[in-house]
$ cat structure-v2.tsv   # TSV, C-alpha atoms and all ligand atoms
chain	number	residue	atom	x	y	z
C	1	MET	CA	0.00	0.00	0.00
C	2	HIS	CA	1.09	3.57	-0.64
C	3	SER	CA	0.36	6.16	1.99
C	4	GLN	CA	-0.29	8.82	-0.65
C	5	GLU	CA	-3.59	8.69	-2.59
C	6	PRO	CA	-2.49	7.88	-6.16
C	7	TYR	CA	-3.06	10.17	-9.08
C	8	ASP	CA	-5.43	9.19	-11.85
C	9	ILE	CA	-3.14	10.69	-14.47
C	10	VAL	CA	0.45	11.93	-14.48
C	11	ILE	CA	1.13	13.95	-17.62
C	12	ILE	CA	4.77	14.32	-18.64
C	13	GLY	CA	5.38	17.52	-20.60
C	14	GLY	CA	3.85	21.01	-20.67
C	15	GLY	CA	3.63	21.74	-24.41
C	16	PRO	CA	0.32	22.03	-26.29
C	17	ALA	CA	-0.30	18.24	-26.13
C	18	GLY	CA	0.33	17.89	-22.38
C	19	LEU	CA	-1.53	21.07	-21.46
C	20	THR	CA	-4.56	20.04	-23.49
C	21	ALA	CA	-4.53	16.58	-21.90
C	22	GLY	CA	-4.39	18.42	-18.56
C	23	LEU	CA	-7.31	20.66	-19.50
C	24	TYR	CA	-9.48	17.67	-20.46
C	25	ALA	CA	-8.43	15.65	-17.41
C	26	ALA	CA	-9.05	18.55	-15.01
C	27	ARG	CA	-12.50	19.21	-16.50
C	28	ALA	CA	-13.28	15.50	-16.11
C	29	ARG	CA	-12.36	15.86	-12.41
C	30	LEU	CA	-9.61	13.29	-12.68
C	31	LYS	CA	-6.84	13.69	-10.12
C	32	THR	CA	-4.07	14.87	-12.40
C	33	VAL	CA	-0.63	16.42	-12.20
C	34	LEU	CA	1.38	17.75	-15.12
C	35	LEU	CA	5.17	17.58	-14.86
C	36	GLU	CA	7.26	20.10	-16.79
C	37	ARG	CA	11.02	20.49	-16.52
C	38	MET	CA	11.25	23.99	-18.07
C	39	GLY	CA	8.48	26.47	-18.94
C	40	PHE	CA	5.00	25.79	-20.30
C	41	GLY	CA	4.56	25.99	-24.05
C	42	GLY	CA	7.05	23.41	-25.32
C	43	GLN	CA	8.41	24.20	-28.77
C	44	LEU	CA	6.08	27.21	-29.01
C	45	LEU	CA	8.65	29.02	-26.90
C	46	ASN	CA	11.09	28.84	-29.83
C	47	TYR	CA	8.86	30.25	-32.55
C	48	ASP	CA	7.61	33.64	-33.61
C	49	LYS	CA	4.15	33.39	-35.09
C	50	VAL	CA	1.59	30.64	-35.69
C	51	GLU	CA	-0.46	31.03	-38.84
C	52	ASN	CA	-2.30	27.73	-39.09
C	53	TYR	CA	-3.99	27.33	-35.73
C	54	PRO	CA	-7.73	27.63	-36.38
C	55	GLY	CA	-9.51	30.64	-34.96
C	56	PHE	CA	-6.73	33.17	-35.52
C	57	PRO	CA	-7.05	34.38	-39.12
C	58	GLU	CA	-4.37	37.03	-38.59
C	59	GLY	CA	-2.05	34.52	-36.90
C	60	ILE	CA	-1.09	34.57	-33.26
C	61	GLY	CA	2.24	34.94	-31.46
C	62	ALA	CA	3.55	31.47	-30.57
C	63	PHE	CA	4.56	32.47	-27.05
C	64	GLY	CA	1.16	34.09	-26.47
C	65	LEU	CA	-0.65	30.98	-27.73
C	66	GLY	CA	1.35	28.85	-25.25
C	67	GLU	CA	0.36	31.23	-22.45
C	68	LEU	CA	-3.30	31.05	-23.44
C	69	ILE	CA	-3.31	27.24	-23.55
C	70	SER	CA	-1.64	26.97	-20.14
C	71	ALA	CA	-3.93	29.63	-18.60
C	72	HIS	CA	-6.90	27.68	-19.93
C	73	ALA	CA	-5.74	24.40	-18.35
C	74	LEU	CA	-4.84	26.08	-15.03
C	75	LYS	CA	-8.24	27.79	-14.89
C	76	PHE	CA	-9.86	24.36	-14.63
C	77	GLY	CA	-7.64	23.44	-11.71
C	78	LEU	CA	-4.84	21.47	-13.37
C	79	GLN	CA	-2.09	20.84	-10.83
C	80	THR	CA	1.48	21.25	-12.12
C	81	LEU	CA	4.92	20.48	-10.81
C	82	ASN	CA	8.28	21.74	-12.04
C	83	ALA	CA	10.23	18.47	-12.19
C	84	GLU	CA	12.03	16.14	-14.58
C	85	VAL	CA	11.14	12.46	-14.65
C	86	VAL	CA	14.16	10.28	-13.96
C	87	GLN	CA	12.55	6.85	-14.16
C	88	LEU	CA	9.23	5.15	-14.79
C	89	ASP	CA	8.13	1.78	-13.37
C	90	LEU	CA	5.11	0.69	-15.35
C	91	ASN	CA	4.71	-2.98	-14.52
C	92	LYS	CA	2.57	-2.83	-11.39
C	93	ARG	CA	-1.11	-1.93	-11.07
C	94	LEU	CA	-0.05	1.52	-9.87
C	95	LYS	CA	2.70	3.04	-11.98
C	96	ALA	CA	5.61	4.81	-10.26
C	97	VAL	CA	6.96	8.09	-11.65
C	98	HIS	CA	10.34	8.80	-10.07
C	99	LEU	CA	11.38	12.42	-9.72
C	100	PRO	CA	14.70	13.77	-8.41
C	101	LYS	CA	12.91	14.19	-5.06
C	102	GLY	CA	10.27	11.55	-4.43
C	103	VAL	CA	7.95	9.22	-6.31
C	104	LEU	CA	4.43	9.76	-7.62
C	105	TYR	CA	2.03	6.83	-7.91
C	106	THR	CA	-0.57	6.92	-10.64
C	107	ARG	CA	-3.16	4.82	-12.43
C	108	THR	CA	-2.21	6.14	-15.88
C	109	VAL	CA	0.56	8.12	-17.55
C	110	ILE	CA	0.36	10.41	-20.57
C	111	ILE	CA	3.71	11.01	-22.25
C	112	ALA	CA	3.73	14.39	-23.97
C	113	SER	CA	7.44	15.09	-23.70
C	114	GLY	CA	7.72	16.51	-27.20
C	115	ALA	CA	10.79	16.76	-29.37
C	116	SER	CA	14.04	18.71	-29.56
C	117	PRO	CA	15.97	20.09	-32.53
C	118	ASN	CA	18.42	17.79	-34.30
C	119	LYS	CA	22.06	18.78	-34.46
C	120	LEU	CA	24.19	18.65	-37.59
C	121	GLY	CA	26.97	16.84	-35.76
C	122	ILE	CA	29.79	18.71	-37.53
C	123	ARG	CA	32.99	20.37	-36.43
C	124	GLY	CA	32.46	23.75	-34.79
C	125	GLU	CA	28.79	23.19	-34.03
C	126	SER	CA	28.92	22.45	-30.31
C	127	GLU	CA	32.00	24.65	-29.78
C	128	LEU	CA	30.23	27.70	-31.23
C	129	THR	CA	26.72	27.07	-29.87
C	130	GLY	CA	25.65	30.27	-28.15
C	131	ARG	CA	28.38	32.17	-30.04
C	132	GLY	CA	26.82	32.17	-33.49
C	133	VAL	CA	25.28	28.71	-33.72
C	134	SER	CA	21.60	28.75	-32.73
C	135	TYR	CA	18.53	26.53	-32.81
C	136	CYS	CA	16.06	29.32	-31.99
C	137	ALA	CA	15.54	32.33	-34.27
C	138	VAL	CA	13.13	34.07	-31.92
C	139	CYS	CA	15.74	33.90	-29.16
C	140	ASP	CA	18.76	35.05	-31.15
C	141	ALA	CA	17.67	36.90	-34.32
C	142	PRO	CA	17.96	40.40	-32.75
C	143	PHE	CA	21.74	39.87	-32.34
C	144	TYR	CA	22.14	39.86	-36.13
C	145	ARG	CA	20.68	43.21	-37.11
C	146	ASP	CA	21.89	44.05	-40.65
C	147	GLN	CA	24.33	41.13	-40.61
C	148	GLU	CA	24.56	38.01	-42.79
C	149	VAL	CA	23.32	34.73	-41.40
C	150	ALA	CA	22.66	31.22	-42.70
C	151	VAL	CA	19.80	28.84	-42.08
C	152	VAL	CA	20.40	25.13	-42.59
C	153	GLY	CA	17.43	22.98	-43.64
C	154	GLY	CA	14.56	23.01	-46.10
C	155	GLY	CA	11.52	22.07	-43.98
C	156	ASP	CA	8.71	24.24	-42.60
C	157	THR	CA	10.74	25.29	-39.59
C	158	ALA	CA	13.83	26.32	-41.58
C	159	ILE	CA	11.89	28.36	-44.12
C	160	GLU	CA	9.54	30.03	-41.62
C	161	GLU	CA	12.46	30.94	-39.40
C	162	ALA	CA	14.47	32.22	-42.39
C	163	ILE	CA	11.57	34.56	-43.18
C	164	TYR	CA	11.47	35.68	-39.55
C	165	LEU	CA	15.23	36.33	-39.58
C	166	THR	CA	14.84	38.77	-42.50
C	167	LYS	CA	13.20	41.18	-40.04
C	168	PHE	CA	16.64	41.62	-38.50
C	169	ALA	CA	19.44	40.29	-40.70
C	170	GLY	CA	20.57	42.03	-43.87
C	171	LYS	CA	20.81	38.74	-45.79
C	172	VAL	CA	19.75	35.18	-45.00
C	173	HIS	CA	21.33	32.27	-46.89
C	174	VAL	CA	19.19	29.12	-46.80
C	175	ILE	CA	21.41	26.09	-47.27
C	176	HIS	CA	19.60	22.94	-48.30
C	177	ARG	CA	21.03	19.56	-49.20
C	178	ARG	CA	18.65	18.94	-52.13
C	179	ASP	CA	17.45	21.00	-55.11
C	180	ARG	CA	13.94	21.51	-53.76
C	181	LEU	CA	12.48	22.47	-50.43
C	182	ARG	CA	10.41	20.22	-48.20
C	183	ALA	CA	8.41	23.12	-46.70
C	184	THR	CA	4.70	23.69	-47.37
C	185	GLN	CA	4.12	25.49	-50.68
C	186	VAL	CA	2.66	28.69	-49.22
C	187	ILE	CA	5.72	29.08	-46.99
C	188	GLN	CA	8.07	28.37	-49.92
C	189	ASP	CA	6.34	30.98	-52.09
C	190	ARG	CA	6.74	33.61	-49.40
C	191	ALA	CA	10.45	32.83	-49.07
C	192	PHE	CA	11.05	32.88	-52.84
C	193	ASN	CA	9.45	36.34	-52.94
C	194	ASN	CA	11.64	37.68	-50.15
C	195	ASP	CA	14.61	39.63	-51.55
C	196	LYS	CA	16.68	39.12	-48.42
C	197	ILE	CA	16.67	35.33	-48.76
C	198	HIS	CA	19.31	33.69	-50.91
C	199	PHE	CA	19.05	29.95	-51.56
C	200	VAL	CA	22.07	27.67	-51.68
C	201	PHE	CA	20.75	24.34	-52.97
C	202	ASN	CA	22.53	20.97	-53.25
C	203	SER	CA	24.89	21.89	-50.47
C	204	ILE	CA	25.79	20.54	-47.07
C	205	VAL	CA	27.63	22.35	-44.31
C	206	THR	CA	30.72	20.36	-43.35
C	207	GLU	CA	32.21	22.73	-40.79
C	208	ILE	CA	31.36	25.88	-38.85
C	209	ARG	CA	34.37	28.14	-38.32
C	210	GLY	CA	34.93	31.01	-35.94
C	211	ASP	CA	36.78	32.11	-32.86
C	212	ALA	CA	36.11	33.48	-29.39
C	213	GLN	CA	34.16	36.36	-30.99
C	214	GLY	CA	31.78	33.98	-32.74
C	215	VAL	CA	31.08	32.35	-36.10
C	216	ASP	CA	32.73	33.87	-39.15
C	217	ARG	CA	32.23	31.32	-41.94
C	218	LEU	CA	30.76	28.01	-43.05
C	219	VAL	CA	32.49	25.40	-45.11
C	220	LEU	CA	30.12	24.03	-47.74
C	221	LYS	CA	30.31	21.01	-49.99
C	222	ASP	CA	28.34	20.78	-53.22
C	223	THR	CA	26.52	17.44	-53.29
C	224	ARG	CA	26.77	17.19	-57.10
C	225	ASP	CA	30.49	17.64	-57.70
C	226	ALA	CA	31.92	17.67	-54.14
C	227	ALA	CA	33.29	21.20	-54.72
C	228	VAL	CA	34.19	22.88	-51.46
C	229	SER	CA	33.50	26.57	-50.81
C	230	GLU	CA	33.32	28.99	-47.92
C	231	LEU	CA	30.42	31.25	-47.00
C	232	PRO	CA	31.18	34.18	-44.66
C	233	VAL	CA	28.34	34.61	-42.13
C	234	ASN	CA	27.99	35.98	-38.60
C	235	GLY	CA	25.56	33.34	-37.45
C	236	VAL	CA	24.03	30.03	-38.42
C	237	PHE	CA	20.59	28.74	-37.48
C	238	VAL	CA	20.18	24.97	-37.68
C	239	PHE	CA	16.68	23.58	-38.42
C	240	VAL	CA	17.22	20.04	-39.65
C	241	GLY	CA	14.29	18.26	-38.06
C	242	ILE	CA	13.51	17.07	-34.59
C	243	GLN	CA	14.15	14.10	-32.36
C	244	PRO	CA	11.70	12.80	-29.78
C	245	ASN	CA	12.32	13.36	-26.08
C	246	SER	CA	11.82	9.69	-25.28
C	247	ARG	CA	15.21	8.48	-24.09
C	248	PHE	CA	14.13	8.44	-20.43
C	249	LEU	CA	11.38	5.91	-21.17
C	250	PRO	CA	11.65	2.19	-20.41
C	251	THR	CA	12.15	-0.17	-23.35
C	252	GLU	CA	8.72	-1.79	-23.05
C	253	ILE	CA	7.18	1.32	-24.64
C	254	ASP	CA	7.46	0.47	-28.34
C	255	ARG	CA	9.13	3.11	-30.53
C	256	ASP	CA	10.40	3.44	-34.09
C	257	ALA	CA	14.09	3.57	-34.98
C	258	PHE	CA	14.23	7.31	-34.16
C	259	GLY	CA	12.47	6.93	-30.80
C	260	PHE	CA	8.98	8.16	-31.76
C	261	ILE	CA	6.37	6.28	-29.69
C	262	TYR	CA	3.92	3.99	-31.46
C	263	THR	CA	0.29	4.43	-30.40
C	264	ASP	CA	-3.10	3.26	-31.64
C	265	GLN	CA	-5.75	5.80	-32.56
C	266	GLU	CA	-6.78	6.10	-28.92
C	267	MET	CA	-3.19	7.24	-28.13
C	268	ALA	CA	-2.54	4.00	-26.22
C	269	THR	CA	1.08	2.82	-26.24
C	270	SER	CA	2.26	-0.79	-26.04
C	271	VAL	CA	2.00	-0.60	-22.21
C	272	PRO	CA	-1.54	-0.70	-20.78
C	273	GLY	CA	-2.46	2.53	-19.02
C	274	VAL	CA	0.30	4.50	-20.74
C	275	PHE	CA	-0.68	6.95	-23.48
C	276	ALA	CA	1.32	9.32	-25.67
C	277	ALA	CA	0.44	12.63	-27.33
C	278	GLY	CA	2.05	15.27	-29.52
C	279	ASP	CA	5.41	15.38	-31.25
C	280	VAL	CA	6.87	12.49	-29.25
C	281	ARG	CA	4.38	10.19	-30.97
C	282	PHE	CA	4.95	8.39	-34.27
C	283	LYS	CA	2.70	10.18	-36.78
C	284	ARG	CA	2.71	12.00	-40.08
C	285	LEU	CA	1.50	15.51	-39.27
C	286	ARG	CA	3.31	17.27	-36.43
C	287	GLN	CA	1.48	20.51	-35.78
C	288	ILE	CA	0.02	22.33	-32.78
C	289	VAL	CA	-3.43	21.43	-33.96
C	290	THR	CA	-2.62	17.70	-34.07
C	291	ALA	CA	-0.81	17.91	-30.72
C	292	VAL	CA	-3.86	19.36	-28.96
C	293	GLY	CA	-6.07	16.73	-30.63
C	294	ASP	CA	-3.74	14.00	-29.38
C	295	GLY	CA	-3.81	15.50	-25.88
C	296	ALA	CA	-7.60	15.53	-25.73
C	297	THR	CA	-7.81	11.95	-27.00
C	298	ALA	CA	-5.14	10.73	-24.58
C	299	ALA	CA	-6.93	12.25	-21.58
C	300	PHE	CA	-10.24	10.76	-22.70
C	301	SER	CA	-8.63	7.34	-23.19
C	302	ALA	CA	-6.91	7.52	-19.80
C	303	GLY	CA	-10.29	8.27	-18.21
C	304	ARG	CA	-11.82	5.24	-19.95
C	305	TYR	CA	-8.93	3.05	-18.84
C	306	ILE	CA	-9.41	4.13	-15.21
C	307	GLU	CA	-13.15	3.39	-15.40
C	308	GLU	CA	-12.51	-0.05	-16.83
C	309	HIS	CA	-9.67	-1.06	-14.51
C	310	PHE	CA	-10.18	0.76	-11.22
C	311	SER	CA	-13.91	1.11	-10.55
F	1	LIG	P1	11.47	18.38	-41.23
F	1	LIG	O1	10.14	18.66	-41.87
F	1	LIG	O2	11.83	16.99	-40.87
F	1	LIG	O3	12.57	19.03	-42.17
F	1	LIG	C1	13.94	18.88	-41.87
F	1	LIG	C2	14.75	19.53	-42.97
F	1	LIG	O4	16.12	19.42	-42.62
F	1	LIG	C3	14.58	18.84	-44.33
F	1	LIG	O5	14.57	19.80	-45.34
F	1	LIG	C4	15.79	17.94	-44.39
F	1	LIG	O6	16.26	17.73	-45.71
F	1	LIG	C5	16.83	18.73	-43.64
F	1	LIG	N1	17.83	17.89	-43.00
F	1	LIG	C6	17.65	16.85	-42.17
F	1	LIG	N2	18.82	16.36	-41.72
F	1	LIG	C7	19.78	17.12	-42.31
F	1	LIG	C8	21.18	17.12	-42.23
F	1	LIG	N3	21.87	16.25	-41.49
F	1	LIG	N4	21.85	18.04	-42.95
F	1	LIG	C9	21.19	18.95	-43.70
F	1	LIG	N5	19.86	19.00	-43.81
F	1	LIG	C10	19.16	18.09	-43.11
F	1	LIG	O7	11.63	19.21	-39.83
F	1	LIG	P2	11.07	20.61	-39.34
F	1	LIG	O8	11.11	21.61	-40.42
F	1	LIG	O9	11.74	20.89	-38.05
F	1	LIG	O10	9.55	20.29	-39.01
F	1	LIG	C11	9.22	19.27	-38.06
F	1	LIG	C12	7.71	19.04	-38.14
F	1	LIG	O11	7.00	20.19	-37.68
F	1	LIG	C13	7.25	18.79	-39.58
F	1	LIG	O12	6.23	17.83	-39.54
F	1	LIG	C14	6.72	20.15	-40.00
F	1	LIG	O13	5.74	20.08	-41.01
F	1	LIG	C15	6.14	20.68	-38.69
F	1	LIG	N6	6.13	22.16	-38.69
F	1	LIG	C16	5.05	22.78	-39.21
F	1	LIG	C17	5.01	24.16	-39.24
F	1	LIG	C18	3.79	24.84	-39.80
F	1	LIG	O14	2.86	24.16	-40.19
F	1	LIG	N7	3.75	26.14	-39.90
F	1	LIG	C19	6.07	24.92	-38.77
F	1	LIG	C20	7.18	24.25	-38.27
F	1	LIG	C21	7.20	22.87	-38.25
F	1	LIG	P3	15.43	16.83	-46.77
F	1	LIG	O15	14.27	17.70	-47.20
F	1	LIG	O16	16.42	16.57	-47.83
F	1	LIG	O17	15.00	15.61	-46.01
$ encode --input "structure-v2.tsv" --output "C-alpha cells" --more "lines below"
Ligand code: NAP
Amino acid sequence: MHSQEPYDIVIIGGGPAGLTAGLYAARARLKTVLLERMGFGGQLLNYDKVENYPGFPEGIGAFGLGELISAHALKFGLQTLNAEVVQLDLNKRLKAVHLPKGVLYTRTVIIASGASPNKLGIRGESELTGRGVSYCAVCDAPFYRDQEVAVVGGGDTAIEEAIYLTKFAGKVHVIHRRDRLRATQVIQDRAFNNDKIHFVFNSIVTEIRGDAQGVDRLVLKDTRDAAVSELPVNGVFVFVGIQPNSRFLPTEIDRDAFGFIYTDQEMATSVPGVFAAGDVRFKRLRQIVTAVGDGATAAFSAGRYIEEHFS
C-alpha cells in the first residue's frame, strides 16, 4: 500500500499536447498532475508566429498561444509540478513516476514530452553554440541586425524561421542539401518572394568556423560535384528536423528507430495505461493542432482506462 492517494493521471510535458490533456483531465475531475522540466509551451517558446492554428485568421504569437493554452488548463484546476522524470516503473497496477525528489504513484501516464531540434553533428557546431550557432531564431535573431546569417534545412521550420530572420538580418542564406524544399508550398512561395533570402541548394555544411568572438564562416560542400566553398556569415541557425524526447522511457514502450512512440488511434502505447500525445508520438502531421487533438484523446482514453480497470 502507498500512503499517498495515487493520481489518476500523471502527464509528462507542458507543451500544447500535455496542457490540453491536462485541460481535459481537469474538467473530467480526474486527479491529475502535469510535470514540466522547463516552462509551459514546449516548442512554441522557440517560434515567432503561428499562422495555421484555427480561430486566428491574422495569426497569433507562438509564445502568447502557449500562455493562453496553459492559462486555460490552469483555470480548470490542473495541478502542475516543475520536475524532470528520472525513471518510470510501469509494470505494477499503480505506476511509479520517479522524480529527483520523491515518487508519484498513478493509475495512468500520458507522455507528452515533445521533441528537440536535431544537431548537424559537424565540427564547430557544439564549440560555437551560443556564439553564433543557434537553434532558436526568436531567441537570437535580434543579435544579427543588418548582418549576414545562414539557415540550414529546407523544412517548414527552416523556411519560416528564415523569413522571420529577415526582419533583422541584412541577408539570409538558406542552405539545403537537395534542389527543392520540403516546406509547405505557401511558406516556400513567401520565401522565394523575399529579396533578403538567398538559396544555396545541393549543399551541405561540413564545418562551422569562428573564434572566441563567434562564427565567421561556413564550409560548404556541393553534393553534385563535391566542390568545397566557404560562406562568410555571422551566425548560423540549424533547423534540420527534430528528435523525440523519449530516451528516459523504459524499453517496453514500443518506438520506431528514431524513438517516436507507437500508439493506436486512442493514443494508447504498447504498455496498458500508458498513453502518448504530440510530437513524441509516431505520426505524419506534427502541428500544434494535431498535438492538442492527441492531448484531448489521450486524456479521454486515460479516463476510460481508469473506469474499466479501477472502478
Ligand atoms: P522536417 O520537416 O523533418 O525538415 C527537416 C529539414 O532538414 C529537411 O529539409 C531535411 O532535408 C533537412 N535535414 C535533415 N537532416 C539534415 C542534415 N543532417 N543536414 C542537412 N539538412 C538536413 O523538420 P522541421 O522543419 O523541423 O519540421 C518538423 C515538423 O514540424 C514537420 O512535420 C513540419 O511540417 C512541422 N512544422 C510545421 C510548421 C507549420 O505548419 N507552420 C512549422 C514548423 C514545423 P530533406 O528535405 O532533404 O530531407
$ closest_atom_pairs --input "structure-v2.tsv" --of "range 143-243 of chain C" --to "range 101-116 of chain C" --cutoff "12 Å" --atoms "only C-alpha atoms" --output "JSON lines"
{"residue": "C:Val238", "atom": "CA", "partner": "C:Ser116", "partner_atom": "CA", "distance": 12.0}
{"residue": "C:Phe239", "atom": "CA", "partner": "C:Ser116", "partner_atom": "CA", "distance": 10.4}
{"residue": "C:Val240", "atom": "CA", "partner": "C:Ser116", "partner_atom": "CA", "distance": 10.7}
{"residue": "C:Gly241", "atom": "CA", "partner": "C:Ser116", "partner_atom": "CA", "distance": 8.5}
{"residue": "C:Ile242", "atom": "CA", "partner": "C:Ser116", "partner_atom": "CA", "distance": 5.3}
{"residue": "C:Gln243", "atom": "CA", "partner": "C:Ala115", "partner_atom": "CA", "distance": 5.2}
$ write_last_selection --input "structure-v2.tsv" --atoms "C-alpha atoms" --output "PDB file, keeping the file's coordinate frame"
ATOM      1  CA  VAL C 238      20.180  24.970 -37.680  1.00  0.00           C
ATOM      2  CA  PHE C 239      16.680  23.580 -38.420  1.00  0.00           C
ATOM      3  CA  VAL C 240      17.220  20.040 -39.650  1.00  0.00           C
ATOM      4  CA  GLY C 241      14.290  18.260 -38.060  1.00  0.00           C
ATOM      5  CA  ILE C 242      13.510  17.070 -34.590  1.00  0.00           C
ATOM      6  CA  GLN C 243      14.150  14.100 -32.360  1.00  0.00           C
TER       7      GLN C 243
END
$ closest_residue --input "structure-v2.tsv" --among "C:Arg37, C:Arg29, C:Lys283, C:Arg182" --to "ligand LIG 1 (chain F)" --atoms "only C-alpha atoms and all ligand atoms"
C:Arg182
$ closest_residue --input "structure-v2.tsv" --among "C:Glu266, C:Gly293, C:Pro250, C:Asp140" --to "Leu90 in chain C" --atoms "all atoms listed in the file"
C:Pro250
$ atom_distance --input "structure-v2.tsv" --atom1 "CA of Lys75 in chain C" --atom2 "CA of Ala277 in chain C"
21.4 Å
$ closest_atom_pairs --input "structure-v2.tsv" --of "chain C" --to "ligand LIG 1 (chain F)" --cutoff "9 Å" --atoms "only C-alpha atoms and all ligand atoms" --output "tab-separated table"
residue	atom	partner	partner_atom	distance
C:Tyr47	CA	F:LIG1	C20	8.5
C:Lys49	CA	F:LIG1	N7	8.7
C:Val50	CA	F:LIG1	N7	6.5
C:Glu51	CA	F:LIG1	N7	6.5
C:Asn52	CA	F:LIG1	N7	6.3
C:Tyr53	CA	F:LIG1	O14	8.8
C:Pro117	CA	F:LIG1	O9	7.0
C:Asn118	CA	F:LIG1	N2	7.6
C:Lys119	CA	F:LIG1	N3	7.5
C:Leu120	CA	F:LIG1	N3	5.1
C:Gly121	CA	F:LIG1	N3	7.7
C:Val152	CA	F:LIG1	N5	6.3
C:Gly153	CA	F:LIG1	O4	3.9
C:Gly154	CA	F:LIG1	O5	3.3
C:Gly155	CA	F:LIG1	O8	3.6
C:Asp156	CA	F:LIG1	O8	4.2
C:Thr157	CA	F:LIG1	O8	3.8
C:Ala158	CA	F:LIG1	O8	5.6
C:Ile159	CA	F:LIG1	O8	7.7
C:Glu160	CA	F:LIG1	C19	6.8
C:Glu161	CA	F:LIG1	C20	8.6
C:Ile175	CA	F:LIG1	C9	8.0
C:His176	CA	F:LIG1	N5	6.0
C:Arg177	CA	F:LIG1	C9	5.5
C:Arg178	CA	F:LIG1	O16	5.4
C:Asp179	CA	F:LIG1	O16	8.6
C:Arg180	CA	F:LIG1	O15	7.6
C:Leu181	CA	F:LIG1	O15	6.0
C:Arg182	CA	F:LIG1	O15	4.7
C:Ala183	CA	F:LIG1	O1	6.8
C:Thr184	CA	F:LIG1	O13	7.4
C:Ile187	CA	F:LIG1	N7	7.9
C:Ser203	CA	F:LIG1	C9	8.3
C:Ile204	CA	F:LIG1	C9	5.9
C:Val205	CA	F:LIG1	C9	7.3
C:Val238	CA	F:LIG1	O4	8.5
C:Phe239	CA	F:LIG1	O9	5.6
C:Val240	CA	F:LIG1	O4	3.2
C:Gly241	CA	F:LIG1	O7	3.3
C:Ile242	CA	F:LIG1	O9	5.4
C:Asp279	CA	F:LIG1	C12	8.1
C:Lys283	CA	F:LIG1	O12	8.9
C:Arg284	CA	F:LIG1	O12	6.8
C:Leu285	CA	F:LIG1	O12	5.3
C:Arg286	CA	F:LIG1	O12	4.3
C:Gln287	CA	F:LIG1	C16	5.4
C:Ile288	CA	F:LIG1	O14	8.1
$ residues_around --input "structure-v2.tsv" --residues "range 309-311 of chain C" --least-positions-apart "2" --cutoff "10 Å" --atoms "all atoms listed in the file" --output "PyMOL selection string"
chain C and resi 8+93+107+273+304-307
$ write_last_selection --input "structure-v2.tsv" --atoms "C-alpha atoms" --output "mmCIF file, keeping the file's coordinate frame"
data_model
loop_
_atom_site.group_PDB
_atom_site.id
_atom_site.type_symbol
_atom_site.label_atom_id
_atom_site.label_comp_id
_atom_site.auth_asym_id
_atom_site.auth_seq_id
_atom_site.Cartn_x
_atom_site.Cartn_y
_atom_site.Cartn_z
ATOM 1 C CA ASP C 8 -5.430 9.190 -11.850
ATOM 2 C CA ARG C 93 -1.110 -1.930 -11.070
ATOM 3 C CA ARG C 107 -3.160 4.820 -12.430
ATOM 4 C CA GLY C 273 -2.460 2.530 -19.020
ATOM 5 C CA ARG C 304 -11.820 5.240 -19.950
ATOM 6 C CA TYR C 305 -8.930 3.050 -18.840
ATOM 7 C CA ILE C 306 -9.410 4.130 -15.210
ATOM 8 C CA GLU C 307 -13.150 3.390 -15.400
#
$ atom_distance --input "structure-v2.tsv" --atom1 "CA of Ala141 in chain C" --atom2 "CA of Val228 in chain C"
27.6 Å
$ closest_residue --input "structure-v2.tsv" --among "C:Glu84, C:Glu207, C:Asp254, C:Glu308" --to "Ser126 in chain C" --atoms "only C-alpha atoms"
C:Glu207
$ atom_distance --input "structure-v2.tsv" --atom1 "CA of Gln4 in chain C" --atom2 "CA of Thr269 in chain C"
26.3 Å
$ closest_residue --input "structure-v2.tsv" --among "C:Leu220, C:Ala162, C:Leu30, C:Ile208" --to "Asn194 in chain C" --atoms "all atoms listed in the file"
C:Ala162
$ residues_around --input "structure-v2.tsv" --residues "Ala21 in chain C" --least-positions-apart "5" --cutoff "12 Å" --atoms "only C-alpha atoms" --output "PyMOL selection string"
chain C and resi 9-16+26-28+30+32-34+69-70+72-74+76+78+109-112+267+275-278+291-303
$ closest_residue --input "structure-v2.tsv" --among "C:Phe40, C:Asp48, C:Thr129, C:Lys221" --to "Lys167 in chain C" --atoms "only C-alpha atoms"
C:Asp48
$ closest_residue --input "structure-v2.tsv" --among "C:Val233, C:Val151, C:Ala212, C:Ile261" --to "Cys136 in chain C" --atoms "all atoms listed in the file"
C:Val151
$ residues_near_point --input "structure-v2.tsv" --point "(12.0, 26.8, -26.8)" --cutoff "9 Å" --atoms "only C-alpha atoms" --output "list in words"
Gly39, Gly41, Gly42, Gln43, Leu44, Leu45, Asn46, Tyr47, Ser116, Tyr135, Cys136, Val138 and Cys139 of chain C
$ residues_near_point --input "structure-v2.tsv" --point "(17.8, 30.8, -51.3)" --cutoff "7 Å" --atoms "all atoms listed in the file" --output "list in words"
His173, Val174, Ile197, His198, Phe199 and Val200 of chain C
$ build_atoms --input "structure-v2.tsv" --residues "range 207-211 of chain C" --atoms "N, CA, C and O atoms" --output "PDB file, in the frame of the given file"
ATOM      1  N   GLU C 207      31.509  22.186 -41.960  1.00  0.00           N
ATOM      2  CA  GLU C 207      32.210  22.730 -40.790  1.00  0.00           C
ATOM      3  C   GLU C 207      31.737  24.158 -40.521  1.00  0.00           C
ATOM      4  O   GLU C 207      31.412  24.893 -41.460  1.00  0.00           O
ATOM      5  N   ILE C 208      31.670  24.501 -39.238  1.00  0.00           N
ATOM      6  CA  ILE C 208      31.360  25.880 -38.850  1.00  0.00           C
ATOM      7  C   ILE C 208      32.647  26.453 -38.244  1.00  0.00           C
ATOM      8  O   ILE C 208      33.212  25.852 -37.325  1.00  0.00           O
ATOM      9  N   ARG C 209      33.105  27.581 -38.808  1.00  0.00           N
ATOM     10  CA  ARG C 209      34.370  28.140 -38.320  1.00  0.00           C
ATOM     11  C   ARG C 209      34.142  29.467 -37.607  1.00  0.00           C
ATOM     12  O   ARG C 209      33.216  30.202 -37.944  1.00  0.00           O
ATOM     13  N   GLY C 210      35.017  29.759 -36.672  1.00  0.00           N
ATOM     14  CA  GLY C 210      34.930  31.010 -35.940  1.00  0.00           C
ATOM     15  C   GLY C 210      35.979  31.030 -34.865  1.00  0.00           C
ATOM     16  O   GLY C 210      36.880  30.192 -34.834  1.00  0.00           O
ATOM     17  N   ASP C 211      35.836  32.017 -33.961  1.00  0.00           N
ATOM     18  CA  ASP C 211      36.780  32.110 -32.860  1.00  0.00           C
ATOM     19  C   ASP C 211      36.035  32.561 -31.609  1.00  0.00           C
ATOM     20  O   ASP C 211      34.806  32.480 -31.569  1.00  0.00           O
TER      21      ASP C 211
END
